[in-house]
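Source file: entry_15.txt (compact mmCIF, C-alpha atoms)
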# COMPACT_ATOMS: atom_id res chain seq x y z
CA MET A 99 16.07 -37.85 -12.11
CA ILE A 100 14.70 -37.62 -8.57
CA PHE A 101 18.25 -37.16 -7.32
CA LEU A 102 18.83 -34.30 -9.76
CA THR A 103 15.62 -32.61 -8.73
CA LYS A 104 16.53 -32.91 -5.07
CA LEU A 105 20.06 -31.66 -5.76
CA GLY A 106 18.61 -28.71 -7.68
CA LYS A 107 16.38 -27.88 -4.75
CA THR A 108 19.29 -28.13 -2.34
CA ILE A 109 21.34 -25.70 -4.39
CA ASN A 110 18.35 -23.39 -4.59
CA TYR A 111 17.85 -23.47 -0.82
CA GLU A 112 21.55 -22.84 -0.23
CA ARG A 113 21.45 -19.82 -2.53
CA LYS A 114 18.34 -18.50 -0.77
CA PHE A 115 19.99 -19.02 2.61
CA GLU A 116 23.08 -17.10 1.43
CA LEU A 117 20.89 -14.24 0.24
CA PHE A 118 19.01 -14.13 3.54
CA MET A 119 22.17 -14.22 5.61
CA SER A 120 23.75 -11.38 3.64
CA TYR A 121 21.16 -8.95 5.01
CA ALA A 122 22.29 -6.87 7.98
CA HIS A 123 19.48 -8.32 10.12
CA PRO A 124 18.37 -11.61 8.56
CA GLU A 125 16.46 -12.41 11.74
CA VAL A 126 13.66 -10.04 10.69
CA LEU A 127 12.69 -12.01 7.59
CA VAL A 128 11.06 -15.38 7.02
CA ASP A 129 9.94 -16.86 3.72
CA THR A 130 6.61 -18.39 2.79
CA GLU A 131 7.96 -21.94 3.00
CA TRP A 132 9.14 -21.34 6.57
CA VAL A 133 5.72 -19.98 7.52
CA SER A 134 3.99 -23.00 6.00
CA GLN A 135 6.27 -25.30 8.04
CA ASN A 136 6.08 -23.30 11.29
CA PRO A 137 2.46 -22.59 12.17
CA PRO A 138 1.55 -20.18 14.95
CA ASN A 139 1.50 -21.50 18.51
CA GLU A 140 1.51 -20.21 22.09
CA ASN A 141 4.79 -18.33 21.56
CA ARG A 142 4.51 -17.49 17.88
CA LYS A 143 1.74 -15.39 16.35
CA LEU A 144 1.03 -14.77 12.71
CA VAL A 145 -0.65 -11.45 11.89
CA GLU A 146 -2.04 -10.33 8.55
CA VAL A 147 -1.91 -6.55 8.13
CA ASP A 148 -4.32 -5.24 5.54
CA TYR A 149 -5.21 -1.91 4.02
CA ASP A 150 -8.30 -3.56 2.56
CA PRO A 151 -9.36 -6.50 4.74
CA VAL A 152 -12.65 -6.95 2.87
CA ASN A 153 -10.71 -7.94 -0.25
CA GLY A 154 -7.90 -9.57 1.76
CA TYR A 155 -8.20 -11.23 5.17
CA GLU A 156 -11.95 -11.73 5.01
CA LYS A 157 -11.73 -13.57 1.70
CA GLY A 158 -9.02 -15.84 3.09
CA HIS A 159 -5.83 -15.74 5.13
CA ILE A 160 -3.06 -18.06 6.30
CA ASN A 161 -4.28 -20.56 8.86
CA GLY A 162 -3.93 -19.19 12.38
CA ALA A 163 -3.37 -15.59 11.34
CA SER A 164 -5.21 -12.79 13.11
CA LEU A 165 -5.94 -9.43 11.51
CA ILE A 166 -4.59 -5.95 12.05
CA TRP A 167 -6.57 -3.53 9.91
CA TRP A 168 -4.28 -0.59 9.25
CA LYS A 169 -6.98 2.06 9.31
CA ARG A 170 -8.97 0.75 12.28
CA ASP A 171 -6.31 -0.79 14.50
CA ILE A 172 -3.09 1.13 14.07
CA ASN A 173 -4.36 4.68 13.63
CA ASP A 174 -6.04 6.91 16.17
CA PRO A 175 -9.73 7.01 15.21
CA VAL A 176 -10.01 10.81 15.45
CA THR A 177 -6.66 12.58 15.27
CA ARG A 178 -4.26 11.77 12.46
CA ASP A 179 -1.66 9.82 14.41
CA ILE A 180 -0.57 6.30 15.19
CA ILE A 181 -2.19 4.63 18.20
CA SER A 182 -0.98 5.47 21.70
CA LYS A 183 1.05 3.12 23.90
CA LYS A 184 -2.09 2.15 25.77
CA GLU A 185 -3.98 1.42 22.55
CA PHE A 186 -1.00 -0.57 21.27
CA GLU A 187 -1.03 -2.68 24.43
CA ALA A 188 -4.76 -3.34 23.97
CA LEU A 189 -4.14 -4.35 20.35
CA MET A 190 -1.45 -6.81 21.42
CA ILE A 191 -3.75 -8.36 24.02
CA LYS A 192 -6.53 -8.66 21.44
CA ASN A 193 -4.12 -10.57 19.17
CA GLY A 194 -2.83 -12.84 21.94
CA ILE A 195 0.63 -11.29 21.84
CA THR A 196 2.89 -10.90 24.87
CA ALA A 197 6.12 -8.89 24.99
CA ASP A 198 8.07 -12.13 24.38
CA THR A 199 5.95 -13.46 21.52
CA GLU A 200 7.58 -14.02 18.15
CA VAL A 201 5.35 -12.10 15.73
CA ILE A 202 5.34 -12.65 11.98
CA LEU A 203 3.67 -9.96 9.90
CA TYR A 204 2.52 -10.19 6.31
CA GLY A 205 -0.13 -8.44 4.29
CA ASP A 206 -1.75 -7.06 1.18
CA PHE A 207 -0.38 -4.32 -1.07
CA ASN A 208 3.16 -5.73 -1.26
CA ASN A 209 3.57 -5.74 2.53
CA TRP A 210 3.45 -1.91 2.64
CA PHE A 211 1.10 -1.88 5.60
CA ALA A 212 2.83 -4.84 7.25
CA ALA A 213 6.01 -2.73 7.12
CA PHE A 214 4.11 0.21 8.62
CA VAL A 215 2.91 -2.01 11.47
CA PHE A 216 6.45 -3.39 11.88
CA TRP A 217 7.55 0.24 12.33
CA VAL A 218 4.84 0.87 14.96
CA PHE A 219 5.77 -2.37 16.79
CA LYS A 220 9.37 -1.12 16.89
CA ILE A 221 8.28 2.32 18.13
CA TYR A 222 6.69 0.54 21.10
CA GLY A 223 9.71 -1.70 21.58
CA HIS A 224 8.55 -5.15 20.47
CA GLU A 225 11.71 -7.19 19.98
CA ASN A 226 10.90 -10.49 18.34
CA LEU A 227 9.37 -9.37 15.08
CA LYS A 228 9.56 -10.61 11.49
CA ILE A 229 8.08 -10.00 8.08
CA MET A 230 7.08 -12.78 5.71
CA ASN A 231 8.98 -11.95 2.52
CA GLY A 232 6.64 -11.31 -0.40
CA GLY A 233 3.44 -11.11 1.69
CA ARG A 234 0.10 -12.23 0.31
CA LYS A 235 1.35 -11.74 -3.23
CA LYS A 236 3.98 -14.48 -2.98
CA TRP A 237 1.75 -16.78 -0.91
CA GLU A 238 -0.90 -16.58 -3.64
CA LEU A 239 1.61 -16.96 -6.48
CA GLU A 240 2.65 -20.22 -4.87
CA SER A 241 -1.01 -21.33 -4.70
CA ARG A 242 -0.79 -21.93 -0.98
CA ASP A 243 -3.90 -22.49 1.13
CA TYR A 244 -6.04 -19.88 2.83
CA THR A 245 -8.76 -20.27 5.43
CA THR A 246 -11.58 -18.02 6.63
CA ASP A 247 -11.39 -19.39 10.19
CA GLU A 248 -10.34 -16.81 12.73
CA PRO A 249 -8.09 -17.81 15.64
CA GLN A 250 -9.14 -17.53 19.27
CA PHE A 251 -6.62 -16.42 21.87
CA SER A 252 -6.29 -17.03 25.56
CA SER A 253 -6.02 -14.03 27.85
CA VAL A 254 -2.57 -12.37 27.94
CA SER A 255 -1.03 -9.18 29.26
CA TYR A 256 1.30 -6.76 27.48
CA VAL A 257 3.36 -3.82 28.68
CA ALA A 258 4.87 -1.81 25.83
CA GLN A 259 7.99 0.36 25.96
CA PRO A 260 7.76 4.16 25.83
CA PRO A 261 7.66 5.28 22.17
CA ASP A 262 11.04 5.37 20.43
CA GLU A 263 10.70 8.75 18.71
CA GLY A 264 14.07 8.22 17.04
CA LEU A 265 12.33 6.10 14.41
CA ARG A 266 9.85 8.78 13.44
CA ALA A 267 10.31 12.09 11.62
CA TYR A 268 7.82 14.88 12.17
CA LEU A 269 7.12 17.90 9.99
CA PHE A 270 9.42 19.91 12.25
CA ASP A 271 12.30 17.45 11.72
CA VAL A 272 11.88 17.55 7.96
CA SER A 273 11.73 21.36 7.87
CA ARG A 274 14.86 21.54 10.00
CA ALA A 275 16.67 19.08 7.75
CA LEU A 276 16.18 21.18 4.60
CA GLY A 277 19.53 22.13 3.13
CA LYS A 278 21.52 20.04 5.60
CA GLU A 279 24.23 17.96 3.99
CA ASP A 280 24.18 15.25 6.63
CA THR A 281 20.49 14.48 6.15
CA VAL A 282 19.13 12.86 3.02
CA MET A 283 15.48 12.64 2.05
CA VAL A 284 14.17 9.59 0.19
CA ASP A 285 10.89 10.07 -1.67
CA VAL A 286 9.68 6.55 -2.41
CA ARG A 287 6.64 7.52 -4.49
CA SER A 288 6.28 6.97 -8.21
CA PRO A 289 8.07 9.36 -10.60
CA ALA A 290 4.67 10.84 -11.58
CA GLU A 291 3.96 11.76 -7.97
CA PHE A 292 7.50 13.01 -7.42
CA SER A 293 7.34 15.33 -10.43
CA GLY A 294 3.94 16.67 -9.41
CA GLN A 295 2.19 15.28 -12.47
CA ILE A 296 -0.28 13.64 -10.09
CA THR A 297 -0.84 14.00 -6.34
CA ALA A 298 -2.41 10.54 -5.97
CA PRO A 299 -3.53 7.81 -8.36
CA PRO A 300 -7.27 7.80 -9.13
CA GLU A 301 -7.68 4.65 -7.03
CA TYR A 302 -7.05 6.71 -3.88
CA PRO A 303 -9.25 9.82 -4.15
CA MET A 304 -8.95 10.44 -0.40
CA GLU A 305 -5.18 10.84 -0.47
CA HIS A 306 -4.70 13.98 -2.55
CA ALA A 307 -2.76 17.06 -1.52
CA GLN A 308 -3.22 20.69 -2.53
CA ARG A 309 0.18 20.81 -4.20
CA GLY A 310 2.09 18.32 -6.33
CA GLY A 311 5.85 17.84 -6.33
CA HIS A 312 8.37 16.88 -3.69
CA ILE A 313 10.34 18.13 -0.71
CA PRO A 314 13.32 20.16 -1.99
CA ASP A 315 16.43 18.07 -2.71
CA ALA A 316 14.66 14.77 -2.02
CA ASN A 317 15.84 11.73 -4.00
CA ASN A 318 13.23 9.80 -5.89
CA ILE A 319 13.89 6.13 -5.19
CA PRO A 320 10.52 4.38 -5.60
CA TRP A 321 9.77 1.65 -3.05
CA ALA A 322 9.34 -0.84 -5.92
CA THR A 323 13.01 -0.59 -6.85
CA ALA A 324 13.79 -2.53 -3.65
CA VAL A 325 11.75 -5.59 -4.56
CA ASN A 326 11.74 -8.27 -7.22
CA ASP A 327 8.85 -7.50 -9.53
CA ALA A 328 7.91 -11.16 -10.04
CA ASP A 329 7.04 -12.05 -6.45
CA GLY A 330 7.46 -8.93 -4.31
CA THR A 331 10.40 -10.30 -2.33
CA PHE A 332 13.26 -8.03 -1.34
CA LYS A 333 16.24 -7.73 -3.66
CA ALA A 334 19.66 -9.01 -2.63
CA VAL A 335 21.99 -6.79 -0.61
CA GLU A 336 24.27 -5.85 -3.50
CA GLU A 337 21.32 -4.80 -5.65
CA LEU A 338 19.88 -2.78 -2.77
CA LYS A 339 23.19 -1.00 -2.23
CA GLN A 340 23.26 -0.09 -5.91
CA ASN A 341 19.77 1.27 -5.52
CA TYR A 342 20.61 3.77 -2.79
CA GLU A 343 24.33 4.53 -2.57
CA PRO A 344 24.83 6.13 -6.01
CA LYS A 345 22.11 8.64 -5.07
CA GLY A 346 23.92 9.66 -1.90
CA VAL A 347 21.75 7.59 0.43
CA THR A 348 24.62 6.16 2.45
CA PRO A 349 24.93 4.74 5.98
CA ASP A 350 26.78 7.81 7.26
CA LYS A 351 23.70 10.01 6.66
CA ASP A 352 20.59 10.72 8.66
CA VAL A 353 17.96 9.27 6.33
CA ILE A 354 14.30 10.32 6.23
CA CYS A 355 11.87 8.33 4.08
CA TYR A 356 8.48 9.60 2.99
CA CYS A 357 5.69 8.82 0.52
CA ARG A 358 2.01 9.89 0.53
CA ILE A 359 0.69 8.53 3.84
CA GLY A 360 3.79 6.84 5.26
CA GLU A 361 3.15 3.20 4.37
CA ARG A 362 5.37 2.77 1.29
CA SER A 363 8.07 4.76 3.08
CA SER A 364 7.96 2.36 6.03
CA HIS A 365 8.69 -0.40 3.50
CA SER A 366 11.84 1.48 2.36
CA TRP A 367 12.61 2.36 6.01
CA PHE A 368 12.60 -1.41 6.70
CA VAL A 369 14.93 -2.05 3.76
CA LEU A 370 17.44 0.62 4.77
CA LYS A 371 17.39 -0.07 8.50
CA TYR A 372 17.10 -3.85 8.65
CA LEU A 373 18.30 -5.23 5.34
CA LEU A 374 21.14 -2.76 4.78
CA GLY A 375 21.73 -1.93 8.44
CA TYR A 376 21.78 1.88 8.18
CA PRO A 377 22.07 3.22 11.73
CA LYS A 378 19.83 6.31 11.43
CA VAL A 379 16.67 5.99 9.35
CA ARG A 380 13.36 7.64 10.15
CA ASN A 381 9.94 7.34 8.62
CA TYR A 382 8.09 10.60 8.00
CA ASP A 383 4.54 9.26 8.21
CA GLY A 384 2.97 12.68 7.72
CA SER A 385 4.48 12.38 4.24
CA TRP A 386 3.12 14.21 1.20
CA THR A 387 -0.46 14.44 2.49
CA GLU A 388 0.98 16.62 5.25
CA TRP A 389 3.83 18.40 3.45
CA GLY A 390 1.88 19.14 0.27
CA ASN A 391 -1.09 20.53 2.19
CA MET A 392 0.74 22.89 4.55
CA ILE A 393 0.67 26.59 3.70
CA GLY A 394 4.11 27.94 3.02
CA ASN A 395 6.01 24.66 2.79
CA PRO A 396 8.63 24.77 0.01
CA VAL A 397 7.86 22.46 -2.91
CA GLU A 398 10.12 21.41 -5.74
CA LYS A 399 8.83 20.07 -9.05
CA MET B 838 -7.75 2.98 -29.10
CA LEU B 839 -10.80 4.05 -27.11
CA LEU B 840 -9.49 7.61 -27.05
CA ASP B 841 -9.69 7.85 -30.84
CA LEU B 842 -13.27 6.68 -31.15
CA PRO B 843 -15.85 9.14 -32.44
CA VAL B 844 -17.83 10.93 -29.73
CA LEU B 845 -21.59 10.73 -30.29
CA LYS B 846 -22.59 12.82 -27.29
CA LYS B 847 -20.95 14.26 -24.21
CA GLY B 848 -21.97 15.73 -20.87
CA SER B 849 -20.07 17.20 -17.96
CA PHE B 850 -19.54 13.74 -16.53
CA TYR B 851 -19.76 11.38 -19.51
CA PHE B 852 -18.79 10.59 -23.08
CA ILE B 853 -20.79 8.40 -25.42
CA LYS B 854 -18.60 6.91 -28.15
CA GLU B 855 -19.03 4.14 -30.68
CA ASP B 856 -17.02 1.40 -32.28
CA ASN B 857 -18.14 -1.11 -34.89
CA THR B 858 -20.24 -3.18 -32.52
CA ASN B 859 -20.91 -1.11 -29.41
CA ILE B 860 -22.14 2.19 -28.12
CA ILE B 861 -19.72 2.97 -25.31
CA LEU B 862 -20.66 5.04 -22.28
CA GLU B 863 -17.68 6.38 -20.33
CA ASP B 864 -17.78 7.79 -16.79
CA LYS B 865 -15.45 10.82 -16.92
CA THR B 866 -15.00 10.79 -13.13
CA LYS B 867 -13.21 7.45 -13.45
CA ARG B 868 -10.64 8.76 -15.94
CA GLY B 869 -7.17 7.29 -15.36
CA LEU B 870 -8.42 4.42 -13.22
CA GLU B 871 -6.68 1.14 -13.99
CA ILE B 872 -8.95 -1.47 -15.60
CA LYS B 873 -8.76 -4.51 -13.33
CA GLU B 874 -11.41 -6.62 -15.02
CA THR B 875 -14.06 -6.59 -17.73
CA SER B 876 -17.29 -8.27 -16.74
CA VAL B 877 -21.05 -7.80 -16.78
CA ASP B 878 -22.31 -4.85 -14.75
CA GLU B 879 -25.27 -6.35 -12.91
CA LYS B 880 -27.07 -3.02 -12.68
CA LEU B 881 -27.17 -2.28 -16.42
CA ASN B 882 -26.66 -5.89 -17.52
CA VAL B 883 -24.02 -5.03 -20.11
CA LYS B 884 -20.29 -5.70 -20.29
CA ALA B 885 -18.21 -3.09 -18.46
CA ASP B 886 -14.58 -2.24 -17.78
CA LYS B 887 -14.15 -2.07 -14.01
CA GLY B 888 -11.59 -0.62 -11.65
CA MET B 889 -11.29 -0.35 -7.89
CA ILE B 890 -11.53 2.77 -5.73
CA HIS B 891 -10.49 2.73 -2.08
CA ASP B 892 -12.56 4.64 0.45
CA MET B 893 -11.49 6.46 3.62
CA ASP B 894 -11.13 3.13 5.42
CA GLY B 895 -9.03 1.59 2.67
CA ILE B 896 -11.80 -0.73 1.51
CA GLY B 897 -11.78 -1.28 -2.24
CA HIS B 898 -15.01 -0.94 -4.21
CA TRP B 899 -15.49 -2.15 -7.77
CA VAL B 900 -16.65 0.67 -10.02
CA PRO B 901 -17.53 0.66 -13.72
CA ILE B 902 -15.32 2.86 -15.87
CA ARG B 903 -17.15 2.34 -19.18
CA TRP B 904 -20.07 0.24 -20.38
CA TYR B 905 -20.36 -1.51 -23.74
CA PHE B 906 -23.93 -1.45 -25.11
CA SER B 907 -24.19 -3.78 -28.06
CA LYS B 908 -25.57 -2.04 -31.15
CA GLU B 909 -27.63 -5.13 -31.82
CA SER B 910 -29.60 -4.61 -28.64
CA PHE B 911 -29.42 -0.89 -27.87
CA GLU B 912 -30.24 2.39 -29.58
CA LEU B 913 -28.32 5.57 -28.79
CA SER B 914 -31.42 7.01 -27.13
CA GLN B 915 -31.44 4.17 -24.59
CA VAL B 916 -27.78 4.77 -23.72
CA VAL B 917 -28.46 8.49 -23.33
CA ILE B 918 -31.03 7.69 -20.65
CA HIS B 919 -28.33 5.95 -18.59
CA ALA B 920 -25.88 8.76 -19.32
CA GLU B 921 -28.29 11.46 -18.19
CA ALA B 922 -29.11 9.54 -15.01
CA MET B 923 -25.37 9.48 -14.26
CA GLU B 924 -25.10 13.18 -15.11
CA GLU B 925 -27.92 13.99 -12.69
CA LYS B 926 -26.37 11.90 -9.90
CA TYR B 927 -22.97 13.63 -10.19
CA THR B 928 -24.52 17.09 -10.57
CA LYS B 929 -26.42 16.57 -7.32
CA LEU B 930 -23.22 15.40 -5.62
CA ARG B 931 -21.37 18.48 -6.84
CA GLU B 932 -24.14 20.72 -5.60
CA LEU B 933 -23.94 19.03 -2.23
CA THR B 934 -20.20 19.56 -1.84
CA CYS B 935 -19.61 22.71 -3.90
CA PRO B 936 -22.88 24.64 -4.15
CA ASP B 937 -22.94 27.30 -6.82
CA ASP B 938 -22.23 30.77 -5.42
CA ASP B 939 -25.10 32.19 -7.46
CA ASP B 940 -27.69 30.03 -5.67
Have the structure of the file written as structure tokens, please.
Amino acid sequence: MIFLTKLGKTINYERKFELFMSYAHPEVLVDTEWVSQNPPNENRKLVEVDYDPVNGYEKGHINGASLIWWKRDINDPVTRDIISKKEFEALMIKNGITADTEVILYGDFNNWFAAFVFWVFKIYGHENLKIMNGGRKKWELESRDYTTDEPQFSSVSYVAQPPDEGLRAYLFDVSRALGKEDTVMVDVRSPAEFSGQITAPPEYPMEHAQRGGHIPDANNIPWATAVNDADGTFKAVEELKQNYEPKGVTPDKDVICYCRIGERSSHSWFVLKYLLGYPKVRNYDGSWTEWGNMIGNPVEK
Amino acid sequence: MLLDLPVLKKGSFYFIKEDNTNIILEDKTKRGLEIKETSVDEKLNVKADKGMIHDMDGIGHWVPIRWYFSKESFELSQVVIHAEAMEEKYTKLRELTCPDDDD
């Protein structure tokens, strides 16, 4: 009986390993079991990225994890923009991260904001970066332990790279891409947002726009179609291909992802760029709260 | 279905409905919000459906969507007092953000 159980587990691990290795860049993903077996140390840091740290990190987090609060730490406090290179460097130092540190990100809200932070780390050139598949959701489903202890870090230094603007789409880029056959727009919001039935769910009263609908010719491929509903982990490569390719979102195109504030779209950006290996994918973080508020922007319903 | 229940009284910001056992006060500003839990609202000390609203910083706050006042313990007039207090609070908020042009 014990033998059968062990054999079953072995087969399961082998299958998981196969799935992981079929991604274009399997090195950017770790699973919850790996995290539980490989705690943070001098060269490896674990960072929880939360939209709502009061109901997340502060209630409990994985032992050794520090916090990046999306609103406070990754956004400019005044202008709507991501933090500058200098602010990014200060954030890394605060979290005990050097340019060579292996960083594992995970977070609340299905890893949306962890993916956003992954995108910002890549903009500033951090190489050794991973996401814990399934985020808090999977960790909690597996009844794994949390702590409220916060880690202390020794003093480090960090020099970031100049921003890689090739990962980011601005309003200007999106306007210029309208009607171009070689660029494809992926709207990862819900069908109700895409159709203009709602501009934001009632849970997010601060994220409305003046107009509902979508950018002309955008494809509606909700972020959720890339994950397994049960535990929030990413779907296998073949399923992901089926999710995007039939809608014309293919590796030969210049792909721009957007949502409402750019966090769900960074999740799909991660899927297309790192799991499927598309060479040119950008995240339009201005997203619908920019496009749907601008006077004169074309809107399709 | 809560939607089909008879309306006893309504204001700009509330409905008061009833079922067999409760007088139900609904906050119209919370329409569409997903019910995440049903528990006692400590302020009014009655059972309430609650959802979560996220503020500018992303922090989630529990908010009541509707309150269930047991008919055994409450008269309609008592529920109306709570409803009118809510009406006054939202009216003041509206005046603050969108003052009437006639004023």
Kindly compute an axis-aligned box around the listed atoms of range 357-375 of chain A, allowing 6 Å on each side, and express its centre and edge lengths in Å to one decimal as JSON.
{"center_x": 11.2, "center_y": 2.3, "center_z": 4.6, "size_x": 33.0, "size_y": 27.1, "size_z": 20.1}
Env of range 916-918 of chain B: 12 Å cut, atoms = all atoms listed in the file, seq-sep filter 3 positions within chain, self excluded. Answer as JSON, numbers by chain. {"B": [845, 846, 847, 848, 851, 852, 853, 854, 855, 859, 860, 861, 862, 863, 881, 883, 903, 904, 905, 906, 907, 908, 910, 911, 912, 913, 921, 922, 923, 924, 925]}
Residues proximal to (-16.5, 0.6, -13.5) were defined as those with any atom within 9 Å of that point in the file's coordinates, counting all atoms listed in the file. Which are they, as a list in words?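 Residues close enough to count: Asp864, Lys867, Leu870, Ile872, Glu874, Thr875, Asp878, Ala885, Asp886, Lys887, Gly888, Met889, Trp899, Val900, Pro901, Ile902, Arg903 and Trp904 of chain B.
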Need to verify the contact set: Thr196 in chain A, 9 Å, all atoms listed in the file, exclusion of same-chain residues closer than 4 positions in sequence. Can you return it as a ChimeraX atom specification? /A:141,190-191,200,254-257
Of the residues A:Ile172, A:Val284, A:Ala334, A:Ile393, which is the one nearest to chain B, using only C-alpha atoms?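 Of all the options, A:Ile172 lies closest to chain B.
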Enter the distance from CA of Met893 in chain B to CA of Gly154 in chain A, in Å, rounded to one decimal. 16.5 Å
Please compute the CA of Trp167 in chain A-CA of Val215 in chain A distance, one decimal, in Å.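 Result for CA of Trp167 in chain A versus CA of Val215 in chain A: 9.7 Å, one decimal.
Across the model, the gap from CA of Trp217 in chain A to CA of Ala188 in chain A is 17.3 Å.
Nearest to Asp271 in chain A of all the residues A:Lys339, A:His159, A:Arg380, A:Arg358 is A:Arg380, based on all atoms listed in the file.
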